[in-house]
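Okay, so here's the structure we're looking at.
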Amino acid sequence: NECELGKDDCNATAMEICINTRGSFNCALPTPIPTREPTRNPTRKPTIPSERDILVSFYHATNGDNWRENTWLTLPDHCDWYEVVCNADGKVIALKLSDKNIDGTLPKELGQLSMLVILDLESNKLKGKMPNTLGQLTDLEELWLNNNSLDGTISNALGQLTNLKKLYLGYNNFSGPIPNELGQLINLGRLYVNHNNLSGPIPNALGQLINLDQLDVSSNIFLSGKIPNSLCNMSYLRIDCGLVECECCASC
């Protein structure tokens, strides 16, 4: 094999090899084997649901077909649906759906209604836990969830709602403590957590709420502690005197 015998004539430094080209033997660099680039999946951005999609999720999660006075899903524009209020840009700013036979759980998607100012779901049949995503509704000024059957703890995430002025959580089955984080709600004027199964002391942090004018913590047989003296000038204060100490309360 002449190619084999003549291989030393090739440039070993350049890694040449002896090849047979149409009967003659020559030195050449080996042909590189092409390499395949690894397959990469394009990075997908998370899909952001439209506000209409969010409302549809809420409708199905709460047995919407059995609501009272309901026009949801029947009109193409969700801003025309019953008790849905939108601003000039078509963003949902209010849901006023008290006493509409709404029965089910609150979907986490509600927290994506970023411009919502009023969420009124009072006197319905809501059950299950309060989703932490409600803490994303940073424009919210009024939250009405009273007179339902919600359970679990009051979400600490509500402390992020610094524009909140009215918080109604009474007449549910909430348990555990009143979150200290509610003391961050600097604009809060009304706080109702009465008729639940709340336990533990009244948070001292509530004493920081200089705008708080109405507070009802009554009918929570496991509550204890003391009403901060800084709240003694409120127009409405209701507690259980045998459980909660209040130096400034004339009567209960």
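Just so we're on the same page: first chain in the structure tokens is A, next is B, and so on; residues restart at 1 for each chain, and ligands are numbered from 1 in the order they show up.
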
Restrict the calculation to only C-alpha atoms, then for each residue of region 60-160 of chain A with any atom at most 10 Å from an atom of region 186-200 of chain A give the closest atom pair and their distance in Å to one decimal, rows by chain and rising residue number, as a Markdown table.
| residue | atom | partner | partner_atom | distance |
| --- | --- | --- | --- | --- |
| A:Glu141 | CA | A:Leu188 | CA | 8.6 |
| A:Glu142 | CA | A:Leu188 | CA | 9.4 |
| A:Trp144 | CA | A:Tyr192 | CA | 9.7 |
| A:Asn146 | CA | A:Val193 | CA | 8.4 |
| A:Asn147 | CA | A:His195 | CA | 9.4 |
| A:Ser149 | CA | A:Asn196 | CA | 9.8 |
| A:Leu150 | CA | A:Asn196 | CA | 9.7 |
| A:Asp151 | CA | A:Asn196 | CA | 8.9 |
| A:Gly152 | CA | A:Asn197 | CA | 9.7 |
| A:Thr153 | CA | A:Leu198 | CA | 8.4 |
| A:Ile154 | CA | A:Leu198 | CA | 9.2 |
| A:Gly159 | CA | A:Ile186 | CA | 9.6 |

Residue list (helix (DSSP H, G or I), DSSP) for region 71-221 of chain A, as number ranges by chain | A: 78-80, 108-112, 132-136, 156-160, 180-184, 204-208

d(CA of Ser123 (chain A), CA of Asn163 (chain A)) in Å =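 Separation of CA of Ser123 (chain A) and CA of Asn163 (chain A): 23.6 Å.
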
In Å, how far is it from CA of Asn148 (chain A) to CA of Pro177 (chain A)?
->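 It comes out at 18.9 Å.
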
Could you name the residues that touch Lys108 (chain A) at 12 Å or less, counting only C-alpha atoms, but leaving out those on the same chain fewer than 2 positions away, as JSON, numbers by chain?
-> {"A": [54, 55, 57, 58, 61, 105, 106, 110, 111, 112, 113, 128, 129, 130, 131, 132, 133, 134, 135, 136, 137]}

Closest to Phe174 (chain A) among A:Asn220, A:Pro49, A:Ile202, A:Thr138, using only C-alpha atoms?
->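 Of all the options, A:Asn220 lies closest to Phe174 (chain A).
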
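Put simply, CA of Cys246 (chain A) is 23.8 Å away from CA of Lys165 (chain A).
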
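The list of residues with at least one atom within 8 Å of Glu245 (chain A), based on only C-alpha atoms and without residues fewer than 6 positions apart in the same chain, reads Ser224, Gly225, Lys226 and Ile227 of chain A.
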
Would you mind listing what lies within 8 Å of Leu185 (chain A) as an MDAnalysis selection string, with only C-alpha atoms counted and same-chain residues fewer than 3 positions away left out?
-> chainID A and resid 159:164 181:182 188 209
